[in-house]
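J.: What follows is my_file-v1.cif, made up of mmCIF, C-alpha atoms:
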data_target
#
loop_
_atom_site.label_atom_id
_atom_site.label_comp_id
_atom_site.auth_asym_id
_atom_site.auth_seq_id
_atom_site.Cartn_x
_atom_site.Cartn_y
_atom_site.Cartn_z
CA MET A 1 49.85 20.85 37.65
CA ARG A 2 52.63 22.95 39.18
CA SER A 3 56.27 21.96 38.71
CA PRO A 4 58.04 20.90 41.94
CA ALA A 5 60.96 23.18 41.01
CA ALA A 6 58.71 26.26 40.76
CA GLY A 7 59.53 27.41 44.30
CA ILE A 8 63.28 26.92 43.92
CA PRO A 9 65.17 29.95 42.58
CA ASP A 10 67.65 29.48 39.76
CA PRO A 11 71.09 29.31 41.45
CA THR A 12 72.76 31.04 38.51
CA SER A 13 70.51 34.09 38.96
CA ALA A 14 72.01 35.03 42.35
CA ALA A 15 73.98 38.27 42.13
CA LEU A 16 75.66 40.79 44.39
CA TRP A 17 76.30 44.36 43.20
CA GLY A 18 75.59 43.33 39.63
CA LEU A 19 78.05 40.43 39.52
CA PRO A 20 76.86 36.81 39.61
CA LEU A 21 77.49 35.00 42.89
CA TRP A 22 79.61 32.34 41.21
CA LEU A 23 82.00 35.05 40.01
CA TRP A 24 82.30 36.42 43.57
CA VAL A 25 83.12 32.90 44.77
CA VAL A 26 85.81 32.49 42.09
CA LEU A 27 87.30 35.93 42.83
CA GLY A 28 87.22 35.22 46.58
CA GLY A 29 89.02 31.92 46.08
CA ILE A 30 91.70 33.54 43.92
CA GLY A 31 92.11 36.38 46.43
CA LEU A 32 92.42 34.02 49.38
CA PHE A 33 94.92 31.87 47.49
CA GLY A 34 97.00 34.98 46.80
CA VAL A 35 96.85 36.04 50.44
CA PHE A 36 98.03 32.59 51.52
CA GLN A 37 101.05 32.87 49.22
CA VAL A 38 101.91 36.29 50.66
CA TYR A 39 101.61 34.91 54.21
CA TYR A 40 103.99 32.07 53.38
CA TRP A 41 106.62 34.27 51.78
CA VAL A 42 106.49 36.90 54.52
CA GLY A 43 107.02 34.13 57.08
CA HIS A 44 109.75 32.62 54.92
CA ARG A 45 111.52 35.98 54.52
CA LEU A 46 111.25 37.18 58.12
CA GLY A 47 111.87 33.81 59.74
CA SER A 48 111.89 33.76 63.53
CA ARG A 49 111.94 37.60 63.59
CA LEU A 50 108.23 37.33 62.85
CA TYR A 51 107.69 35.87 66.33
CA ALA A 52 109.25 38.95 67.95
CA SER A 53 107.02 41.28 65.93
CA ARG A 54 103.78 42.79 67.19
CA LEU A 55 101.86 40.00 65.47
CA GLY A 56 104.01 37.36 67.15
CA ARG A 57 103.60 38.95 70.58
CA ARG A 58 99.86 39.20 70.04
CA LEU A 59 99.60 35.52 69.14
CA GLY A 60 101.69 34.45 72.12
CA GLN A 61 104.68 32.12 72.15
CA GLU A 62 102.69 29.15 73.47
CA ASN A 63 100.17 29.41 70.63
CA ILE A 64 102.99 29.75 68.10
CA ARG A 65 104.65 26.60 69.49
CA ARG A 66 101.38 24.67 69.15
CA VAL A 67 100.98 25.81 65.54
CA GLU A 68 104.61 24.90 64.82
CA ASP A 69 104.07 21.43 66.29
CA ALA A 70 101.01 20.93 64.06
CA VAL A 71 102.94 22.05 60.96
CA ARG A 72 105.90 19.83 61.82
CA LYS A 73 103.63 16.85 62.44
CA TRP A 74 101.15 17.23 59.57
CA GLY A 75 102.99 19.44 57.04
CA ALA A 76 100.87 20.43 54.06
CA LEU A 77 97.86 18.61 55.51
CA ALA A 78 97.90 21.13 58.37
CA VAL A 79 97.77 23.90 55.77
CA TYR A 80 94.65 22.36 54.24
CA GLY A 81 93.09 21.78 57.67
CA CYS A 82 93.71 25.36 58.80
CA PHE A 83 91.04 26.59 56.37
CA TRP A 84 88.40 24.97 58.55
CA VAL A 85 89.69 26.39 61.87
CA PRO A 86 89.00 30.15 62.15
CA GLY A 87 91.97 31.08 64.36
CA LEU A 88 94.47 29.14 62.28
CA ARG A 89 93.35 30.25 58.85
CA HIS A 90 95.49 33.38 58.92
CA THR A 91 98.23 32.34 61.36
CA LEU A 92 99.37 28.89 60.25
CA PRO A 93 100.57 30.03 56.78
CA TRP A 94 103.05 32.45 58.40
CA THR A 95 104.42 29.62 60.53
CA ALA A 96 104.62 27.32 57.50
CA GLY A 97 106.79 29.96 55.86
CA VAL A 98 108.99 30.34 58.93
CA LEU A 99 109.45 26.56 59.10
CA ARG A 100 110.04 26.51 55.34
CA ILE A 101 107.82 23.55 54.58
CA SER A 102 107.92 22.33 50.99
CA TYR A 103 106.53 25.16 48.89
CA PRO A 104 105.10 22.95 46.10
CA TRP A 105 103.14 20.97 48.71
CA TYR A 106 102.10 24.23 50.39
CA VAL A 107 100.74 25.50 47.07
CA VAL A 108 98.78 22.28 46.51
CA ALA A 109 97.36 22.33 50.05
CA SER A 110 96.40 26.00 49.91
CA ALA A 111 94.84 25.60 46.44
CA LEU A 112 92.77 22.62 47.61
CA GLY A 113 91.79 24.57 50.72
CA CYS A 114 90.60 27.50 48.64
CA LEU A 115 88.76 25.23 46.21
CA THR A 116 86.81 23.58 49.02
CA TRP A 117 86.49 26.20 51.76
CA VAL A 118 85.48 29.25 49.68
CA PRO A 119 82.46 27.69 47.91
CA VAL A 120 81.19 25.98 51.07
CA THR A 121 81.50 29.17 53.11
CA SER A 122 80.02 31.35 50.36
CA PHE A 123 77.04 29.04 49.92
CA GLY A 124 76.52 28.87 53.70
CA LEU A 125 76.64 32.64 54.17
CA TYR A 126 74.43 33.18 51.13
CA SER A 127 71.90 30.71 52.49
CA VAL A 128 71.86 32.27 55.95
CA ILE A 129 71.57 35.84 54.69
CA TRP A 130 68.84 35.12 52.14
CA GLY A 131 67.02 32.83 54.53
CA TRP A 132 66.95 35.58 57.16
CA LEU A 133 65.81 38.15 54.56
CA ARG A 134 63.01 35.82 53.42
CA LEU A 135 62.00 35.37 57.08
CA ALA A 136 62.08 39.15 57.57
CA ALA A 137 59.79 39.64 54.56
CA ARG A 138 57.25 37.19 55.99
CA SER A 139 57.53 38.07 59.67
CA PRO A 140 59.68 41.01 60.77
CA ALA A 141 59.06 40.20 64.45
CA LEU A 142 60.26 36.62 64.03
CA ALA A 143 63.30 37.83 62.09
CA ALA A 144 64.10 40.25 64.93
CA VAL A 145 63.81 37.42 67.46
CA ALA A 146 66.13 35.25 65.33
CA ALA A 147 68.67 38.09 65.08
CA VAL A 148 68.57 38.69 68.84
CA MET A 149 69.00 34.97 69.51
CA ALA A 150 71.96 34.78 67.12
CA ALA A 151 73.55 37.84 68.78
CA ALA A 152 72.97 36.29 72.21
CA ALA A 153 74.58 33.01 71.10
CA VAL A 154 77.63 34.86 69.77
CA THR A 155 77.86 36.87 72.99
CA VAL A 156 77.73 33.71 75.12
CA LEU A 157 80.44 32.07 73.01
CA VAL A 158 82.70 35.12 73.23
CA MET A 159 82.21 35.39 76.98
CA ARG A 160 83.02 31.69 77.47
CA ARG A 161 86.19 31.99 75.44
CA ARG A 162 87.30 35.06 77.38
CA ARG A 163 86.58 33.35 80.69
CA ARG A 164 88.55 30.26 79.64
CA ARG A 165 91.43 32.44 78.49
CA ARG A 166 91.47 34.32 81.82
CA GLU A 167 91.42 31.02 83.73
CA ALA A 168 94.26 29.66 81.60
CA GLU A 169 96.30 32.81 82.26
CA ARG A 170 95.70 32.50 86.02
CA ARG A 171 96.73 28.84 86.24
CA PRO A 172 100.49 29.40 85.80
CA GLU A 173 100.39 32.06 88.53
CA ASP A 174 98.57 29.68 90.89
CA THR A 175 101.18 26.98 90.40
CA LEU A 176 104.00 29.44 91.05
CA THR A 177 102.49 30.67 94.33
CA ALA A 178 101.71 27.12 95.49
CA VAL A 179 105.37 26.05 95.23
#
Could you take the file, read its structure, and then write that structure out as C-alpha cells?
T.:
Amino acid sequence: MRSPAAGIPDPTSAALWGLPLWLWVVLGGIGLFGVFQVYYWVGHRLGSRLYASRLGRRLGQENIRRVEDAVRKWGALAVYGCFWVPGLRHTLPWTAGVLRISYPWYVVASALGCLTWVPVTSFGLYSVIWGWLRLAARSPALAAVAAVMAAAAVTVLVMRRRRRRREAERRPEDTLTAV
C-alpha cells in the first residue's frame, strides 16, 4: 500500500541557487524590514522636501495627501496594511517618516508586516512557479496557453488602470471648461 504523502514533496527540500527556500524567505524578510527602516528615516530626515523631489512629483500631490490621511487616521496599522497593497508598500513608509509617526510603533508594524507578508508571498510565488513548471513538463502546449492567458490578464488590467487614470486626469479639465 502506497503512503498518501508519497506524492507530496518535502517542503524543506526546496532550494534556490543552492540555498534552502526557508533561508531565502528569512533573508527577504530581513532585507525588506531594513528597507522599511531606511524609507522611514529618509522621510523623517527630508520632511516635506521629499514631496518636492522627483519621487514626490511622480507620486502626485493628491496621492500623497491620500496616503497622509491614511497614516494620520490609522497610524501604525496603516504601515502594517500597506504590505498588502502593492502601490503603498514602498510609498507609505516615506510618508510615515515625514509625518513622524511613533517610531517604536512603526518598527512593530513593519516587523509584523514582514513576518506575515514575506512568507505568504514567497510561498505563493513558489507555488505558482513550480506549478507552472510541473504543467510545462506534462504538457508544454497547455503551459504555453496558461502563460499567454496570464499575460493577457495582466495586459487587460494594465490597460484598464491606464484608461481610468486618463479619465481621472480629464475630469478636472471638464469641470473647469463647464464653469
J.: Atom CA of A:Val118 and atom CA of A:Phe33 are how many Å apart?
T.: 10.0 Å
J.: Which of these, A:Val156, A:Leu32, A:Leu125, A:Leu135, has the shortest distance to A:Pro93 once you count all atoms listed in the file?
T.: A:Leu32
J.: Would you write out, as a count of residues only, every residue that the PyMOL selection byres ((chain A and resi 69-73) around 12) captures in this file?
T.: 30
J.: Could you state the separation of atom CA of A:Arg134 and atom CA of A:Pro86 in Å, given to one decimal place?
T.: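 Going from atom CA of A:Arg134 over to atom CA of A:Pro86, I get 28.0 Å.
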J.: Near stretch 144-150 of chain A, counting only C-alpha atoms, which residues have an atom at most 12 Å away, once you skip same-chain residues fewer than 6 positions from it, shown as a list in words?
T.: Val128, Ile129, Gly131, Trp132, Leu133, Leu135, Ala136, Ala137, Arg138, Val156 and Leu157 of chain A
J.: Mind giving me the straight-line distance from atom CA of A:Phe83 to atom CA of A:Gly113 in Å, one decimal?
T.: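 Calculated distance between atom CA of A:Phe83 and atom CA of A:Gly113 is 6.0 Å.
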J.: A:Tyr51: which residues within 9 Å, counting only C-alpha atoms, same-chain residues fewer than 6 positions away excluded, as a PyMOL selection string?
T.: chain A and resi 57+59-61+64
